Amino acid sequence: MKAVVYRGPQRVDVEEVGDPRIESPTDVVVRITSTAICGSDLHMYEGRTAAEPGIVFGHENMGTVEEAGTAVTGVRPGDRVVMPFNVACGFCPNCRARKSAFCLTVNPPGAGGAYGYVGMGPYKGGQAEYLRVPFADYNCVPLPAGSEHENDFAMLADIFATGYHATELAGVSPGETVAVYGAGPVGQMAAYSAVLRGAASVYVVDKVAHRLELAKSIGAVPIDYSQGDPTEQIRDRNGGGTDKGIDAVGYQATVAQGEEQPALVLNNLVETVRATGALGIVGLYLPSDPGAPDDNAAQGRLLFDVGKFFEKGLRMGTGQADSRMYSDHLRELITSGRAQPSFVVSKELPLRDAPDAYARFDRREEGYSKVVLKPAA
Ligand code: NAD
Ligand code: ZN
C-alpha cells in the first residue's frame with residue numbers, strides 16, 4: 001500500500017510499504033478514508049525530535065473496518081469508525097480512569113501510545129491506505145454509516161478532542177472569559193469548545209492574519225501579538241485578567257523567537273489570567289531526550305516563571321488529550337448538528353500530495369492550516 005514516510009528533516013515521501021495485517025485477535029485493519037496532517041507531525045518533520053527516517057506518519061485517522069480479529073466484538077467489517085489518536089488498552093488503571101493518553105499497557109512508563117509518533121509505541125501511522133488498530137473495541141469509535149459529516153468526524157481523532165480537553169483542563173464554565181494562545185487548528189478548536197461551553201468572551205492570540213480571521217468567524221476576539229503585548233491588548237478590552245487561559249502553541253513560540261530568549265506562551269498566560277484563575281496547556285513541550293537535538297526547546301530547558309504562577313495562586317492542567325474520553329459526546333454534538341468542527345479544514349488532497357502539503361503547512365501558508373488527506377482520491 002501507499003503511505004507517507006518520514007525521510008529526514010523537512011522531507012516526507014509517499015512510498016510503497018507492506019500492508020498491515022491482524023497481529024492479535026483484538027486488532028482490526030481499517031481502510032482509511034480521511035487522515036489529517038497535524039501541527040504535532042511538524043515536530044518530527046522539522047527534525048526536532050528523535051524520530052528516525054522510516055516512520056509512517058498519521059495519528060488523525062478515520063475509515064471503514066476492512067478486517068476484524070476473532071476477539072473483536074464491538075465493530076465489524078464495513079463499519080465506519082474514527083480512531084482517537086491515543087492508542088490505549090481500555091483496561092489498565094489509567095484507561096479505567098478514562099486517562100487514555102497515559103495508558104500503561106501500550107507504552108509502559110505511561111507516556112501514552114499514538115499512531116505514527118516517535119516515543120509513543122511501535123504503531124504505524126494512518127497517512128496510508130490501511131491502518132492496523134490494536135485493542136479495536138476500545139480504539140475504534142463507531143460512527144453513523146454513510147459519508148455525512150466526514151471531515152467533522154475526522155476532527156474527533158485529535159484536534160476537536162484536544163481543544164475540548166484544553167477547556168476541560170482550564171475548567172471553562174458558562175459566562176467566563178478565556179484567552180487562547182495560538183490560532184492554529186488546536187487553538188481554533190479550543191476557542192470553539194469554549195464557545196460551545198458558554199464562555200462569555202474568548203480572545204484568540206496569534207499573528208497570522210488568516211488564522212485570526214477564522215477565529216473571528218466563530219465569535220472569538222482576535223488579538224494580533226505582532227501589534228503589541230497581547231496581555232495588555234486583552235486587558236484593554238477586558239478590564240482585568242481573563243478567568244481562564246489556554247496554551248495551544250507549546251514550545252514552538254520559543255523556537256520562533258530564538259533559543260537565546262525563550263519567550264514562553266506559558267509566561268504570557270500567567271500575566272493574562274487573573275489571580276486564582278486556571279490554565280489548560282495542550283501545546284506541546286518536549287521532554288529531555290538524549291536522541292533529540294541538543295537545543296533548549298528540544299531538551300525542555302525552558303524558563304517558566306514559577307514564582308509568578310505561585311504568587312497568583314494559579315492552577316494548571318497539562319498533557320496529551322485523553323481523546324477517547326471525549327469522542328462519544330463530541331460525536332453526538334456533530335450528529336445533532338450542534339458542532340461543525342470541520343470549519344477548520346482548509347483543504348482536501350489525495351495522499352500523493354502529502355509532501356507538498358507538509359511543506360506548505362510548515363510555512364503556515366494560507367489554505368494549508370488543516371489538510372485532510374483522502375487516500376482513495
Ligand atoms: P500550529 O503550529 O498550526 O499552530 C500554532 C500557532 O501558534 C500558529 O498559528 C503560530 O502562528 C502561533 N504562535 C506561535 N507563537 C505564538 C505566540 N508567541 N503567541 C501566540 N501564538 C503563537 O499547530 P496546531 O496543530 O494548532 O497545534 C498546536 C500545538 O498543540 C502543537 O504544539 C501541537 O503539537 C499541540 N498538540 C497537542 C495535543 C495534545 O494532545 N496535547 C494534540 C494535538 C496537538
Ligand atoms: Zn494531531
# chains A, B, ... in the order shown; residues from 1 in each chain; ligands from 1
>>> residues_near_ligand(ligand="ligand 2", cutoff="6 Å", atoms="only C-alpha atoms and all ligand atoms", output="list in words")
Cys38, Ser40, Glu60 and Asp158 of chain A
>>> select_by_dssp(residues="stretch 147-376 of chain A", states="strand (DSSP E or B)", output="PyMOL selection string")
chain A and resi 177-181+201-206+221-224+242-247+273-281+315-318+347-350+371-374
>>> closest_residue(among="A:Arg360, A:Arg352, A:His329, A:Arg237", to="ligand 1", atoms="only C-alpha atoms and all ligand atoms")
A:Arg360
>>> closest_residue(among="A:Phe153, A:Phe309, A:Phe135, A:Tyr181", to="ligand 1", atoms="only C-alpha atoms and all ligand atoms")
A:Tyr181
>>> residues_around(residues="A:Ala114", least_positions_apart="3", cutoff="7 Å", atoms="only C-alpha atoms", output="list in words")
His59, Phe85, Asn86, Val87, Tyr117, Met120, Gly121 and Tyr123 of chain A
>>> write_last_selection(atoms="N, CA, C and O atoms", output="short mmCIF file (atom, residue, chain, number, x, y, z; two decimals), in the first residue's frame")
data_model
loop_
_atom_site.label_atom_id
_atom_site.label_comp_id
_atom_site.auth_asym_id
_atom_site.auth_seq_id
_atom_site.Cartn_x
_atom_site.Cartn_y
_atom_site.Cartn_z
N HIS A 59 -1.74 10.37 12.83
CA HIS A 59 -2.47 9.94 14.04
C HIS A 59 -3.90 10.46 14.06
O HIS A 59 -4.59 10.31 15.05
N PHE A 85 -6.45 9.55 18.65
CA PHE A 85 -5.01 9.40 18.36
C PHE A 85 -4.26 8.60 19.42
O PHE A 85 -3.23 8.02 19.13
N ASN A 86 -4.78 8.58 20.66
CA ASN A 86 -4.10 7.77 21.68
C ASN A 86 -4.39 6.30 21.40
O ASN A 86 -5.54 5.91 21.37
N VAL A 87 -3.36 5.50 21.23
CA VAL A 87 -3.55 4.05 21.24
C VAL A 87 -3.60 3.65 22.71
O VAL A 87 -2.69 4.01 23.48
N TYR A 117 4.00 8.00 15.81
CA TYR A 117 4.64 9.08 16.58
C TYR A 117 5.84 8.58 17.38
O TYR A 117 5.74 7.57 18.08
N MET A 120 6.08 6.98 21.17
CA MET A 120 4.73 6.64 21.62
C MET A 120 4.31 5.25 21.14
O MET A 120 3.15 5.01 20.80
N GLY A 121 5.30 4.35 21.15
CA GLY A 121 4.98 2.96 20.82
C GLY A 121 5.27 2.63 19.38
O GLY A 121 5.61 3.50 18.57
N TYR A 123 3.42 1.77 16.87
CA TYR A 123 2.25 1.77 15.99
C TYR A 123 2.47 2.62 14.75
O TYR A 123 2.88 3.77 14.85
#
>>> residues_around(residues="A:Asp247", least_positions_apart="6", cutoff="8 Å", atoms="only C-alpha atoms", output="PyMOL selection string")
chain A and resi 180-182+187+265-266+269+279-283
>>> residues_around(residues="A:Cys92", least_positions_apart="3", cutoff="9 Å", atoms="only C-alpha atoms", output="list in words")
Ala88, Cys89, Cys95, Arg96, Ala97, Cys103, Leu104 and Thr105 of chain A
>>> atom_distance(atom1="atom CA of A:Leu143", atom2="atom CA of A:Glu67")
16.8 Å
>>> atom_distance(atom1="atom CA of A:Lys370", atom2="atom CA of A:Ser346")
5.3 Å
>>> residues_around(residues="A:Leu351", least_positions_apart="2", cutoff="6 Å", atoms="only C-alpha atoms", output="PDB file with N, CA and C atoms, in the first residue's frame")
ATOM      1  N   ASP A 353      -0.225  14.015  -2.618  1.00  0.00           N
ATOM      2  CA  ASP A 353       0.157  15.421  -2.472  1.00  0.00           C
ATOM      3  C   ASP A 353       0.736  15.731  -1.094  1.00  0.00           C
ATOM      4  N   ALA A 354       0.897  14.717  -0.235  1.00  0.00           N
ATOM      5  CA  ALA A 354       1.353  14.959   1.137  1.00  0.00           C
ATOM      6  C   ALA A 354       2.694  15.717   1.205  1.00  0.00           C
ATOM      7  N   LEU A 373      -6.059  14.405   4.149  1.00  0.00           N
ATOM      8  CA  LEU A 373      -5.651  13.575   3.014  1.00  0.00           C
ATOM      9  C   LEU A 373      -6.701  12.489   2.784  1.00  0.00           C
ATOM     10  N   LYS A 374      -6.991  12.233   1.502  1.00  0.00           N
ATOM     11  CA  LYS A 374      -8.007  11.236   1.133  1.00  0.00           C
ATOM     12  C   LYS A 374      -7.323  10.142   0.311  1.00  0.00           C
ATOM     13  N   PRO A 375      -6.928   9.045   0.938  1.00  0.00           N
ATOM     14  CA  PRO A 375      -6.162   8.022   0.228  1.00  0.00           C
ATOM     15  C   PRO A 375      -6.870   7.416  -0.976  1.00  0.00           C
TER      16      PRO A 375
END
>>> closest_residue(among="A:Tyr251, A:Tyr45, A:Tyr358, A:Phe91", to="ligand 1", atoms="only C-alpha atoms and all ligand atoms")
A:Tyr251
>>> closest_residue(among="A:Ala154, A:Tyr285, A:Val208, A:Pro9", to="A:Ala297", atoms="only C-alpha atoms")
A:Tyr285
>>> closest_residue(among="A:His43, A:Arg363, A:Lys2, A:Arg197", to="A:Glu129", atoms="only C-alpha atoms")
A:Lys2
>>> closest_residue(among="A:Gly119, A:Gly125, A:Gly171, A:Pro341", to="A:Val5", atoms="only C-alpha atoms")
A:Gly125
>>> residues_around(residues="A:Gly241", least_positions_apart="2", cutoff="9 Å", atoms="only C-alpha atoms", output="list in words")
Thr177, Thr231, Ile234, Arg235, Asn238, Gly239, Asp243, Lys244, Glu271, Thr272, Val273, Arg274, Ala275 and Gly277 of chain A
>>> write_last_selection(atoms="C-alpha atoms", output="PDB file, in the first residue's frame")
ATOM      1  CA  THR A 177     -13.670  34.917  29.815  1.00  0.00           C
ATOM      2  CA  THR A 231      -1.636  40.611  27.647  1.00  0.00           C
ATOM      3  CA  ILE A 234      -6.568  41.697  26.296  1.00  0.00           C
ATOM      4  CA  ARG A 235      -6.577  43.778  29.494  1.00  0.00           C
ATOM      5  CA  ASN A 238     -11.401  43.071  29.340  1.00  0.00           C
ATOM      6  CA  GLY A 239     -10.674  45.366  32.263  1.00  0.00           C
ATOM      7  CA  ASP A 243     -10.799  33.814  34.105  1.00  0.00           C
ATOM      8  CA  LYS A 244      -9.107  31.069  32.140  1.00  0.00           C
ATOM      9  CA  GLU A 271       0.192  37.502  33.004  1.00  0.00           C
ATOM     10  CA  THR A 272      -3.112  37.275  31.105  1.00  0.00           C
ATOM     11  CA  VAL A 273      -5.156  35.211  33.562  1.00  0.00           C
ATOM     12  CA  ARG A 274      -6.457  36.810  36.782  1.00  0.00           C
ATOM     13  CA  ALA A 275      -5.160  35.646  40.172  1.00  0.00           C
ATOM     14  CA  GLY A 277      -7.638  31.513  37.566  1.00  0.00           C
TER      15      GLY A 277
END
>>> atom_distance(atom1="atom CA of A:Arg315", atom2="atom CA of A:Val172")
12.6 Å
